[in-house]
$ cat model-v2.pdb   # PDB, C-alpha atoms
ATOM      1  CA  MET A   1    -270.532 -84.578 -41.028
ATOM      2  CA  ASN A   2    -267.248 -84.837 -39.148
ATOM      3  CA  ASP A   3    -265.389 -83.485 -42.203
ATOM      4  CA  SER A   4    -267.323 -80.213 -42.582
ATOM      5  CA  PRO A   5    -265.776 -78.339 -39.618
ATOM      6  CA  SER A   6    -262.294 -79.098 -40.940
ATOM      7  CA  ARG A   7    -262.882 -77.574 -44.384
ATOM      8  CA  PRO A   8    -262.646 -73.893 -43.325
ATOM      9  CA  ALA A   9    -259.548 -74.667 -41.267
ATOM     10  CA  ARG A  10    -257.978 -76.482 -44.200
ATOM     11  CA  ARG A  11    -258.797 -73.601 -46.548
ATOM     12  CA  THR A  12    -257.267 -71.110 -44.106
ATOM     13  CA  GLU A  13    -254.130 -73.227 -43.850
ATOM     14  CA  VAL A  14    -253.790 -73.393 -47.646
ATOM     15  CA  LEU A  15    -254.263 -69.619 -47.982
ATOM     16  CA  ALA A  16    -251.701 -68.961 -45.230
ATOM     17  CA  ALA A  17    -249.201 -71.289 -46.906
ATOM     18  CA  GLY A  18    -249.774 -69.527 -50.232
ATOM     19  CA  ALA A  19    -249.258 -66.127 -48.608
ATOM     20  CA  ALA A  20    -246.026 -67.351 -47.011
ATOM     21  CA  GLY A  21    -244.908 -68.627 -50.419
ATOM     22  CA  VAL A  22    -245.498 -65.216 -52.013
ATOM     23  CA  THR A  23    -243.472 -63.603 -49.232
ATOM     24  CA  VAL A  24    -240.538 -65.966 -49.601
ATOM     25  CA  VAL A  25    -240.375 -65.561 -53.404
ATOM     26  CA  LEU A  26    -240.500 -61.753 -53.231
ATOM     27  CA  TRP A  27    -237.954 -61.562 -50.410
ATOM     28  CA  ALA A  28    -235.625 -63.763 -52.438
ATOM     29  CA  SER A  29    -236.021 -61.445 -55.443
ATOM     30  CA  ALA A  30    -235.064 -58.520 -53.213
ATOM     31  CA  PHE A  31    -231.463 -59.751 -53.014
ATOM     32  CA  VAL A  32    -231.104 -59.350 -56.782
ATOM     33  CA  SER A  33    -232.619 -55.844 -56.708
ATOM     34  CA  ILE A  34    -230.557 -54.733 -53.705
ATOM     35  CA  ARG A  35    -227.414 -55.637 -55.621
ATOM     36  CA  SER A  36    -228.352 -53.142 -58.360
ATOM     37  CA  ALA A  37    -229.778 -50.363 -56.200
ATOM     38  CA  GLY A  38    -227.029 -50.662 -53.578
ATOM     39  CA  ALA A  39    -224.403 -49.676 -56.124
ATOM     40  CA  ALA A  40    -225.938 -46.205 -56.440
ATOM     41  CA  TYR A  41    -227.568 -45.647 -53.038
ATOM     42  CA  SER A  42    -226.051 -45.642 -49.561
ATOM     43  CA  PRO A  43    -227.596 -47.981 -46.950
ATOM     44  CA  GLY A  44    -229.742 -45.370 -45.200
ATOM     45  CA  ALA A  45    -230.925 -43.701 -48.400
ATOM     46  CA  LEU A  46    -231.851 -47.062 -49.938
ATOM     47  CA  ALA A  47    -233.805 -48.060 -46.833
ATOM     48  CA  LEU A  48    -235.679 -44.734 -46.757
ATOM     49  CA  GLY A  49    -236.494 -44.813 -50.470
ATOM     50  CA  ARG A  50    -237.728 -48.379 -50.219
ATOM     51  CA  LEU A  51    -239.886 -47.610 -47.185
ATOM     52  CA  LEU A  52    -241.357 -44.456 -48.733
ATOM     53  CA  ALA A  53    -242.339 -46.368 -51.864
ATOM     54  CA  GLY A  54    -243.846 -49.106 -49.724
ATOM     55  CA  ALA A  55    -245.717 -46.658 -47.491
ATOM     56  CA  LEU A  56    -247.213 -44.864 -50.513
ATOM     57  CA  ALA A  57    -248.403 -48.147 -52.051
ATOM     58  CA  LEU A  58    -249.836 -49.402 -48.771
ATOM     59  CA  GLY A  59    -251.442 -46.049 -47.988
ATOM     60  CA  ALA A  60    -253.238 -46.059 -51.350
ATOM     61  CA  ILE A  61    -254.579 -49.556 -50.686
ATOM     62  CA  CYS A  62    -255.731 -48.536 -47.208
ATOM     63  CA  LEU A  63    -257.629 -45.581 -48.667
ATOM     64  CA  LEU A  64    -259.302 -47.768 -51.289
ATOM     65  CA  ARG A  65    -260.275 -50.354 -48.673
ATOM     66  CA  ARG A  66    -261.218 -47.632 -46.166
ATOM     67  CA  GLU A  67    -259.034 -49.151 -43.477
ATOM     68  CA  GLY A  68    -259.084 -47.037 -40.352
ATOM     69  CA  MET A  69    -256.414 -46.517 -37.728
ATOM     70  CA  PRO A  70    -255.243 -49.616 -35.857
ATOM     71  CA  PRO A  71    -256.756 -50.032 -32.391
ATOM     72  CA  ARG A  72    -254.720 -48.913 -29.408
ATOM     73  CA  ALA A  73    -253.921 -52.495 -28.404
ATOM     74  CA  ALA A  74    -251.967 -53.022 -31.632
ATOM     75  CA  TRP A  75    -249.757 -49.940 -31.476
ATOM     76  CA  ARG A  76    -247.111 -51.326 -29.135
ATOM     77  CA  GLY A  77    -246.316 -54.171 -31.528
ATOM     78  CA  ILE A  78    -246.560 -51.883 -34.564
ATOM     79  CA  LEU A  79    -244.103 -49.374 -33.100
ATOM     80  CA  ILE A  80    -241.586 -52.020 -32.051
ATOM     81  CA  SER A  81    -241.730 -53.930 -35.326
ATOM     82  CA  GLY A  82    -241.673 -50.692 -37.323
ATOM     83  CA  LEU A  83    -238.573 -49.387 -35.568
ATOM     84  CA  LEU A  84    -236.666 -52.670 -35.396
ATOM     85  CA  TRP A  85    -237.709 -54.603 -38.490
ATOM     86  CA  PHE A  86    -238.780 -52.001 -41.048
ATOM     87  CA  GLY A  87    -236.276 -49.374 -39.962
ATOM     88  CA  PHE A  88    -233.161 -50.638 -38.199
ATOM     89  CA  TYR A  89    -233.064 -54.044 -39.929
ATOM     90  CA  MET A  90    -233.082 -52.600 -43.442
ATOM     91  CA  VAL A  91    -230.369 -50.039 -42.734
ATOM     92  CA  ALA A  92    -228.154 -52.541 -40.902
ATOM     93  CA  LEU A  93    -228.562 -55.211 -43.583
ATOM     94  CA  ASN A  94    -227.845 -52.780 -46.440
ATOM     95  CA  TRP A  95    -224.748 -51.546 -44.609
ATOM     96  CA  GLY A  96    -223.616 -55.018 -43.613
ATOM     97  CA  GLU A  97    -223.839 -56.342 -47.178
ATOM     98  CA  GLN A  98    -221.450 -53.591 -48.257
ATOM     99  CA  GLN A  99    -218.890 -54.811 -45.708
ATOM    100  CA  VAL A 100    -219.050 -58.589 -46.167
ATOM    101  CA  ASP A 101    -219.507 -60.999 -49.040
ATOM    102  CA  ALA A 102    -222.917 -62.433 -49.812
ATOM    103  CA  GLY A 103    -222.146 -65.815 -48.301
ATOM    104  CA  THR A 104    -221.104 -64.407 -44.941
ATOM    105  CA  ALA A 105    -224.151 -62.142 -44.857
ATOM    106  CA  ALA A 106    -226.452 -65.079 -45.585
ATOM    107  CA  LEU A 107    -224.832 -67.151 -42.855
ATOM    108  CA  VAL A 108    -225.185 -64.485 -40.168
ATOM    109  CA  VAL A 109    -228.688 -63.292 -41.080
ATOM    110  CA  ASN A 110    -229.984 -66.862 -41.106
ATOM    111  CA  VAL A 111    -229.523 -66.919 -37.342
ATOM    112  CA  GLY A 112    -232.789 -64.909 -37.356
ATOM    113  CA  PRO A 113    -235.259 -67.815 -37.630
ATOM    114  CA  ILE A 114    -233.543 -69.590 -34.740
ATOM    115  CA  LEU A 115    -233.855 -66.442 -32.623
ATOM    116  CA  ILE A 116    -237.527 -66.168 -33.628
ATOM    117  CA  ALA A 117    -238.156 -69.718 -32.422
ATOM    118  CA  LEU A 118    -236.409 -69.073 -29.100
ATOM    119  CA  LEU A 119    -238.109 -65.715 -28.515
ATOM    120  CA  GLY A 120    -241.469 -67.073 -29.655
ATOM    121  CA  ALA A 121    -241.258 -69.962 -27.219
ATOM    122  CA  ARG A 122    -240.161 -67.683 -24.372
ATOM    123  CA  LEU A 123    -242.427 -64.665 -24.922
ATOM    124  CA  LEU A 124    -245.392 -65.988 -26.923
ATOM    125  CA  GLY A 125    -245.578 -69.549 -25.643
ATOM    126  CA  ASP A 126    -245.093 -70.979 -29.132
ATOM    127  CA  PRO A 127    -244.774 -74.773 -29.139
ATOM    128  CA  MET A 128    -241.489 -76.314 -30.234
ATOM    129  CA  PRO A 129    -242.488 -79.663 -31.775
ATOM    130  CA  PRO A 130    -239.729 -82.070 -32.827
ATOM    131  CA  ARG A 131    -240.593 -81.643 -36.518
ATOM    132  CA  LEU A 132    -240.032 -77.882 -36.287
ATOM    133  CA  LEU A 133    -236.689 -78.274 -34.522
ATOM    134  CA  ALA A 134    -235.540 -80.972 -36.963
ATOM    135  CA  GLY A 135    -236.605 -78.918 -39.966
ATOM    136  CA  MET A 136    -234.827 -75.808 -38.703
ATOM    137  CA  ALA A 137    -231.663 -77.814 -38.089
ATOM    138  CA  VAL A 138    -231.731 -79.191 -41.647
ATOM    139  CA  SER A 139    -232.467 -75.763 -43.158
ATOM    140  CA  PHE A 140    -229.745 -74.065 -41.128
ATOM    141  CA  ALA A 141    -227.268 -76.688 -42.320
ATOM    142  CA  GLY A 142    -228.373 -75.894 -45.858
ATOM    143  CA  ALA A 143    -227.965 -72.152 -45.271
ATOM    144  CA  VAL A 144    -224.455 -72.749 -43.901
ATOM    145  CA  THR A 145    -223.649 -74.832 -46.988
ATOM    146  CA  VAL A 146    -224.933 -72.131 -49.354
ATOM    147  CA  GLY A 147    -223.067 -69.449 -47.413
ATOM    148  CA  LEU A 148    -219.760 -71.317 -47.424
ATOM    149  CA  SER A 149    -220.069 -72.043 -51.142
ATOM    150  CA  MET A 150    -220.606 -68.337 -51.887
ATOM    151  CA  SER A 151    -218.033 -66.834 -49.532
ATOM    152  CA  GLY A 152    -214.878 -67.482 -51.498
ATOM    153  CA  GLU A 153    -214.828 -64.291 -53.576
ATOM    154  CA  GLY A 154    -215.104 -61.576 -50.943
ATOM    155  CA  GLY A 155    -213.803 -60.608 -47.588
ATOM    156  CA  ALA A 156    -215.545 -60.242 -44.279
ATOM    157  CA  SER A 157    -215.028 -57.468 -41.768
ATOM    158  CA  VAL A 158    -215.815 -57.463 -38.086
ATOM    159  CA  LEU A 159    -218.089 -54.459 -38.636
ATOM    160  CA  GLY A 160    -219.968 -56.224 -41.429
ATOM    161  CA  VAL A 161    -220.519 -59.385 -39.393
ATOM    162  CA  ALA A 162    -221.672 -57.314 -36.412
ATOM    163  CA  LEU A 163    -224.129 -55.367 -38.588
ATOM    164  CA  CYS A 164    -225.591 -58.553 -40.078
ATOM    165  CA  LEU A 165    -225.924 -60.048 -36.607
ATOM    166  CA  LEU A 166    -227.690 -56.914 -35.351
ATOM    167  CA  ALA A 167    -229.978 -57.124 -38.386
ATOM    168  CA  ALA A 168    -230.848 -60.732 -37.509
ATOM    169  CA  VAL A 169    -231.634 -59.783 -33.896
ATOM    170  CA  ALA A 170    -233.803 -56.842 -35.022
ATOM    171  CA  TYR A 171    -235.616 -59.070 -37.508
ATOM    172  CA  ALA A 172    -236.382 -61.689 -34.862
ATOM    173  CA  ALA A 173    -237.517 -59.140 -32.272
ATOM    174  CA  GLY A 174    -239.683 -57.374 -34.852
ATOM    175  CA  VAL A 175    -241.457 -60.587 -35.847
ATOM    176  CA  VAL A 176    -242.166 -61.566 -32.251
ATOM    177  CA  ALA A 177    -243.458 -58.056 -31.483
ATOM    178  CA  GLN A 178    -245.660 -58.078 -34.584
ATOM    179  CA  LYS A 179    -247.460 -61.311 -33.707
ATOM    180  CA  PRO A 180    -249.586 -59.911 -30.800
ATOM    181  CA  ALA A 181    -250.444 -56.807 -32.851
ATOM    182  CA  LEU A 182    -252.051 -59.051 -35.471
ATOM    183  CA  GLY A 183    -254.522 -60.201 -32.841
ATOM    184  CA  ALA A 184    -255.923 -56.671 -32.587
ATOM    185  CA  ALA A 185    -255.448 -55.224 -36.098
ATOM    186  CA  SER A 186    -255.613 -56.465 -39.675
ATOM    187  CA  PRO A 187    -252.459 -57.564 -41.535
ATOM    188  CA  LEU A 188    -252.815 -54.558 -43.847
ATOM    189  CA  GLN A 189    -253.021 -52.122 -40.923
ATOM    190  CA  VAL A 190    -250.050 -53.672 -39.117
ATOM    191  CA  THR A 191    -247.929 -53.633 -42.276
ATOM    192  CA  THR A 192    -248.921 -50.132 -43.404
ATOM    193  CA  TYR A 193    -248.283 -48.408 -40.110
ATOM    194  CA  GLY A 194    -245.176 -50.485 -39.390
ATOM    195  CA  CYS A 195    -243.766 -49.385 -42.754
ATOM    196  CA  LEU A 196    -244.691 -45.781 -41.974
ATOM    197  CA  VAL A 197    -242.973 -45.962 -38.574
ATOM    198  CA  GLY A 198    -239.855 -47.338 -40.254
ATOM    199  CA  ALA A 199    -239.904 -44.564 -42.851
ATOM    200  CA  VAL A 200    -240.190 -41.895 -40.155
ATOM    201  CA  ALA A 201    -237.276 -43.480 -38.293
ATOM    202  CA  CYS A 202    -235.167 -43.281 -41.470
ATOM    203  CA  LEU A 203    -235.959 -39.616 -42.216
ATOM    204  CA  PRO A 204    -232.453 -38.511 -41.107
ATOM    205  CA  PHE A 205    -231.258 -40.069 -44.386
ATOM    206  CA  ALA A 206    -233.583 -37.862 -46.476
ATOM    207  CA  GLY A 207    -230.770 -35.520 -47.546
ATOM    208  CA  GLN A 208    -228.665 -38.453 -48.773
ATOM    209  CA  LEU A 209    -231.642 -39.868 -50.677
ATOM    210  CA  VAL A 210    -232.308 -36.586 -52.496
ATOM    211  CA  ARG A 211    -228.635 -36.124 -53.464
ATOM    212  CA  GLU A 212    -228.120 -39.706 -54.576
ATOM    213  CA  ALA A 213    -231.403 -39.896 -56.492
ATOM    214  CA  ALA A 214    -230.272 -36.962 -58.630
ATOM    215  CA  ASP A 215    -227.186 -38.865 -59.806
ATOM    216  CA  ALA A 216    -228.401 -42.483 -59.683
ATOM    217  CA  PRO A 217    -229.010 -44.371 -62.923
ATOM    218  CA  VAL A 218    -232.646 -45.112 -63.754
ATOM    219  CA  PRO A 219    -232.340 -48.917 -63.267
ATOM    220  CA  ALA A 220    -231.059 -48.415 -59.710
ATOM    221  CA  THR A 221    -233.965 -46.108 -58.835
ATOM    222  CA  LEU A 222    -236.475 -48.491 -60.429
ATOM    223  CA  ASN A 223    -235.029 -51.326 -58.361
ATOM    224  CA  MET A 224    -235.453 -49.224 -55.221
ATOM    225  CA  VAL A 225    -239.112 -48.594 -56.124
ATOM    226  CA  TYR A 226    -239.572 -52.303 -56.855
ATOM    227  CA  LEU A 227    -238.148 -53.117 -53.413
ATOM    228  CA  GLY A 228    -240.710 -50.802 -51.827
ATOM    229  CA  VAL A 229    -243.777 -51.964 -53.742
ATOM    230  CA  PHE A 230    -243.239 -55.720 -53.934
ATOM    231  CA  PRO A 231    -240.739 -57.140 -51.368
ATOM    232  CA  THR A 232    -241.937 -54.537 -48.818
ATOM    233  CA  ALA A 233    -245.590 -53.537 -49.377
ATOM    234  CA  LEU A 234    -246.877 -56.800 -50.845
ATOM    235  CA  ALA A 235    -244.529 -59.323 -49.217
ATOM    236  CA  PHE A 236    -244.763 -57.876 -45.702
ATOM    237  CA  THR A 237    -248.571 -57.868 -45.989
ATOM    238  CA  THR A 238    -248.732 -61.507 -47.095
ATOM    239  CA  TRP A 239    -246.248 -62.293 -44.315
ATOM    240  CA  ALA A 240    -248.515 -60.632 -41.733
ATOM    241  CA  TYR A 241    -251.533 -62.501 -43.125
ATOM    242  CA  ALA A 242    -249.744 -65.832 -42.742
ATOM    243  CA  LEU A 243    -248.219 -64.930 -39.353
ATOM    244  CA  ALA A 244    -251.690 -64.144 -37.979
ATOM    245  CA  ARG A 245    -252.698 -67.727 -38.798
ATOM    246  CA  THR A 246    -249.697 -69.686 -37.509
ATOM    247  CA  THR A 247    -246.865 -69.386 -34.987
ATOM    248  CA  ALA A 248    -243.874 -67.081 -35.272
ATOM    249  CA  SER A 249    -241.573 -70.100 -35.081
ATOM    250  CA  ARG A 250    -243.102 -71.829 -38.108
ATOM    251  CA  MET A 251    -243.087 -68.603 -40.125
ATOM    252  CA  GLY A 252    -239.447 -68.022 -39.250
ATOM    253  CA  ALA A 253    -238.566 -71.527 -40.403
ATOM    254  CA  THR A 254    -240.337 -70.859 -43.714
ATOM    255  CA  THR A 255    -237.857 -68.096 -44.570
ATOM    256  CA  TYR A 256    -235.117 -70.708 -44.848
ATOM    257  CA  ALA A 257    -236.439 -71.255 -48.381
ATOM    258  CA  VAL A 258    -235.064 -67.818 -49.320
ATOM    259  CA  PRO A 259    -231.383 -68.895 -49.821
ATOM    260  CA  ALA A 260    -232.457 -71.688 -52.170
ATOM    261  CA  LEU A 261    -234.605 -69.305 -54.217
ATOM    262  CA  VAL A 262    -231.843 -66.689 -54.310
ATOM    263  CA  VAL A 263    -229.529 -69.295 -55.823
ATOM    264  CA  LEU A 264    -232.157 -70.155 -58.456
ATOM    265  CA  MET A 265    -232.948 -66.512 -59.282
ATOM    266  CA  SER A 266    -229.266 -65.597 -59.538
ATOM    267  CA  TRP A 267    -228.856 -68.499 -61.916
ATOM    268  CA  LEU A 268    -231.786 -67.439 -64.121
ATOM    269  CA  ALA A 269    -231.512 -63.643 -63.938
ATOM    270  CA  LEU A 270    -227.771 -63.054 -63.553
ATOM    271  CA  GLY A 271    -226.302 -66.139 -65.209
ATOM    272  CA  GLU A 272    -224.505 -67.125 -61.995
ATOM    273  CA  VAL A 273    -224.317 -70.897 -62.333
ATOM    274  CA  PRO A 274    -224.321 -72.488 -58.864
ATOM    275  CA  GLY A 275    -221.810 -75.155 -58.006
ATOM    276  CA  PRO A 276    -222.677 -78.596 -56.635
ATOM    277  CA  LEU A 277    -222.167 -77.477 -53.024
ATOM    278  CA  THR A 278    -224.508 -74.507 -53.510
ATOM    279  CA  LEU A 279    -227.167 -76.710 -55.089
ATOM    280  CA  ALA A 280    -226.878 -79.238 -52.270
ATOM    281  CA  GLY A 281    -227.307 -76.455 -49.697
ATOM    282  CA  GLY A 282    -230.386 -75.161 -51.514
ATOM    283  CA  VAL A 283    -231.959 -78.603 -51.508
ATOM    284  CA  LEU A 284    -231.285 -78.904 -47.767
ATOM    285  CA  CYS A 285    -232.940 -75.514 -47.161
ATOM    286  CA  LEU A 286    -236.093 -76.553 -48.992
ATOM    287  CA  ALA A 287    -236.163 -79.995 -47.360
ATOM    288  CA  GLY A 288    -235.890 -78.446 -43.910
ATOM    289  CA  VAL A 289    -238.748 -76.036 -44.622
ATOM    290  CA  ALA A 290    -240.903 -78.943 -45.781
ATOM    291  CA  VAL A 291    -240.167 -80.845 -42.570
ATOM    292  CA  SER A 292    -240.731 -77.838 -40.297
ATOM    293  CA  ARG A 293    -244.120 -77.055 -41.850
ATOM    294  CA  SER A 294    -245.345 -80.655 -41.935
ATOM    295  CA  ARG A 295    -247.728 -82.038 -39.364
ATOM    296  CA  SER A 296    -248.285 -85.425 -37.835
ATOM    297  CA  ARG A 297    -250.716 -87.547 -39.829
ATOM    298  CA  PRO A 298    -254.281 -86.478 -39.010
ATOM    299  CA  GLY A 299    -255.569 -90.014 -39.449
ATOM    300  CA  ALA A 300    -253.586 -91.297 -36.505
ATOM    301  CA  ALA A 301    -254.651 -88.368 -34.347
ATOM    302  CA  ALA A 302    -258.280 -88.855 -35.325
ATOM    303  CA  ARG A 303    -258.169 -92.566 -34.484
ATOM    304  CA  ALA A 304    -256.583 -91.803 -31.114
ATOM    305  CA  ALA A 305    -259.275 -89.233 -30.356
ATOM    306  CA  ALA A 306    -262.056 -91.576 -31.483
ATOM    307  CA  VAL A 307    -261.187 -94.283 -28.941
ATOM    308  CA  PRO A 308    -262.187 -92.383 -25.784
ATOM    309  CA  ALA A 309    -265.112 -90.773 -27.641
ATOM    310  CA  SER A 310    -266.555 -94.160 -28.569
ATOM    311  CA  ARG A 311    -266.584 -95.184 -24.930
ATOM    312  CA  GLN A 312    -268.805 -92.303 -23.915
ATOM    313  CA  GLU A 313    -272.466 -92.843 -23.349
ATOM    314  CA  ALA A 314    -274.837 -91.833 -26.122
ATOM    315  CA  GLY A 315    -276.223 -88.853 -24.223
ATOM    316  CA  GLN A 316    -272.871 -87.600 -22.986
ATOM    317  CA  PRO A 317    -271.274 -84.663 -24.881
ATOM    318  CA  ARG A 318    -267.876 -85.053 -26.453
ATOM    319  CA  ALA A 319    -264.859 -83.173 -25.233
ATOM    320  CA  GLY A 320    -264.315 -79.876 -27.024
ATOM    321  CA  ARG A 321    -262.052 -79.810 -30.062
ATOM    322  CA  THR A 322    -258.792 -77.951 -29.642
ATOM    323  CA  SER A 323    -257.808 -76.018 -32.722
ATOM    324  CA  GLY A 324    -254.083 -75.746 -33.250
ATOM    325  CA  PRO A 325    -252.306 -73.031 -35.174
ATOM    326  CA  THR A 326    -253.118 -72.915 -38.843
TER     327      THR A 326
END
$ encode --input "model-v2.pdb" --output "structure tokens"
Amino acid sequence: MNDSPSRPARRTEVLAAGAAGVTVVLWASAFVSIRSAGAAYSPGALALGRLLAGALALGAICLLRREGMPPRAAWRGILISGLLWFGFYMVALNWGEQQVDAGTAALVVNVGPILIALLGARLLGDPMPPRLLAGMAVSFAGAVTVGLSMSGEGGASVLGVALCLLAAVAYAAGVVAQKPALGAASPLQVTTYGCLVGAVACLPFAGQLVREAADAPVPATLNMVYLGVFPTALAFTTWAYALARTTASRMGATTYAVPALVVLMSWLALGEVPGPLTLAGGVLCLAGVAVSRSRSRPGAAARAAAVPASRQEAGQPRAGRTSGPT
């Protein structure tokens, strides 16, 4: 009888972890597609095309599901995340990756999860358990290792580093702003209207998009559409679903799996064989994510809680159960 209340919570946790996994895999695949599309499209045009494709896909799903407008309480978070994360982040990251090598970009952008943890603790009251901090430290060390192993073939500019850093700050602020909105609106609503806000913010690049689309090769345009439908529409929705069921800090730590998956996908899809240092960094990234998302053993916690409960009188009610983030 004591196990039945935990089954829905366990199921929710598994679904949230699966949604986070889908997000991480699709975001990792985006790096491969950006490499192709970015050769034919400028940063602003690529961001606008990606967001328009994502907004169309999400809008169609909203119509089929008959999702209404988000409630007023959610709009502040939707506007902030749409402007910063969907809009500014994508333009800054596309531009930054044209100025610096992939390793430097990965190093700078991976400051984002650390900023999410700090902002989440300060603004949202997210807990900072030792396992989360230890896991983030291990993953960041892995990201640094991957970045250093990949940074030997290109050069880095001050502008490129600054753009990647601004992208990381916008990403972190967008995630923290999105979290309260998910308490008032569904993940699909938050993602759809955030994507639409980002697309509107990028409309000044519409002229560039039209000109470049006329001359771009078909594979580059297809990669841009892929970026909009899968790493944007689908992955941002599964991200919002998982974020609504856990803390911003834990979700930020989960994205440290992206560098490891990028290494694997580049190996399989592009034939870029990683060196030993790159592989070691990827393993560290995954190990840190595993540590950051792990919990203390429930058996020990249950035994500790059972001791005071067993001392209560038969007619005395037990203390209420506190449900942590799932």
$ resolve_selection --input "model-v2.pdb" --expression "the PyMOL selection byres ((chain A and resi 51) around 7)" --output "PyMOL selection string"
chain A and resi 47-50+52-55+195+198-199+228
$ atom_distance --input "model-v2.pdb" --atom1 "CA of Ser42 in chain A" --atom2 "CA of Pro113 in chain A"
26.8 Å
$ closest_residue --input "model-v2.pdb" --among "A:Gly68, A:Gly288, A:Gly38, A:Gly82" --to "Ala181 in chain A" --atoms "only C-alpha atoms"
A:Gly82
$ closest_residue --input "model-v2.pdb" --among "A:Val25, A:Leu163, A:Met265, A:Leu123" --to "Lys179 in chain A" --atoms "only C-alpha atoms"
A:Leu123
$ closest_residue --input "model-v2.pdb" --among "A:Met224, A:Ala170, A:Val100, A:Leu58" --to "Leu209 in chain A" --atoms "only C-alpha atoms"
A:Met224
$ atom_distance --input "model-v2.pdb" --atom1 "CA of Ala287 in chain A" --atom2 "CA of Leu148 in chain A"
18.6 Å
$ atom_distance --input "model-v2.pdb" --atom1 "CA of Ala244 in chain A" --atom2 "CA of Leu182 in chain A"
5.7 Å
$ residues_around --input "model-v2.pdb" --residues "Gly194 in chain A" --least-positions-apart "5" --cutoff "12 Å" --atoms "only C-alpha atoms" --output "number ranges by chain"
A: 51-52, 54-55, 58-59, 70, 74-87, 174-175, 177-178, 181-182, 185, 187-189, 199-201, 232-233, 236-237, 240
$ axis_aligned_box --input "model-v2.pdb" --around "range 212-219 of chain A" --padding-each-side "4 Å" --output "AutoDock Vina command-line options"
--center_x -229.9 --center_y -42.9 --center_z -59.2 --size_x 13.5 --size_y 20.0 --size_z 17.2
$ closest_residue --input "model-v2.pdb" --among "A:Ala60, A:Arg72, A:Ala30, A:Tyr226" --to "Ala184 in chain A" --atoms "only C-alpha atoms"
A:Arg72
$ decode --input "model-v2.pdb" --residues "range 276-289 of chain A" --atoms "N, CA and C atoms" --output "compact mmCIF listing (two decimals), in the first residue's frame"
# COMPACT_ATOMS: atom_id res chain seq x y z
N PRO A 276 41.76 10.24 -28.66
CA PRO A 276 41.59 9.75 -27.28
C PRO A 276 41.16 10.85 -26.30
N LEU A 277 41.69 12.06 -26.47
CA LEU A 277 41.32 13.15 -25.56
C LEU A 277 39.85 13.52 -25.73
N THR A 278 39.38 13.53 -26.99
CA THR A 278 37.97 13.84 -27.24
C THR A 278 37.07 12.78 -26.64
N LEU A 279 37.43 11.51 -26.83
CA LEU A 279 36.63 10.43 -26.26
C LEU A 279 36.60 10.50 -24.74
N ALA A 280 37.74 10.80 -24.13
CA ALA A 280 37.78 10.91 -22.67
C ALA A 280 36.88 12.04 -22.19
N GLY A 281 36.89 13.18 -22.90
CA GLY A 281 36.02 14.29 -22.53
C GLY A 281 34.56 13.93 -22.67
N GLY A 282 34.20 13.18 -23.72
CA GLY A 282 32.82 12.75 -23.89
C GLY A 282 32.35 11.84 -22.77
N VAL A 283 33.23 10.93 -22.36
CA VAL A 283 32.88 10.04 -21.24
C VAL A 283 32.67 10.85 -19.96
N LEU A 284 33.53 11.84 -19.72
CA LEU A 284 33.36 12.70 -18.54
C LEU A 284 32.03 13.45 -18.59
N CYS A 285 31.65 13.95 -19.77
CA CYS A 285 30.37 14.66 -19.90
C CYS A 285 29.21 13.76 -19.49
N LEU A 286 29.19 12.54 -20.02
CA LEU A 286 28.11 11.62 -19.72
C LEU A 286 28.12 11.19 -18.26
N ALA A 287 29.31 10.97 -17.71
CA ALA A 287 29.41 10.58 -16.30
C ALA A 287 28.89 11.69 -15.39
N GLY A 288 29.23 12.93 -15.72
CA GLY A 288 28.75 14.05 -14.91
C GLY A 288 27.24 14.20 -14.96
N VAL A 289 26.64 13.99 -16.15
CA VAL A 289 25.19 14.05 -16.26
C VAL A 289 24.54 12.96 -15.40
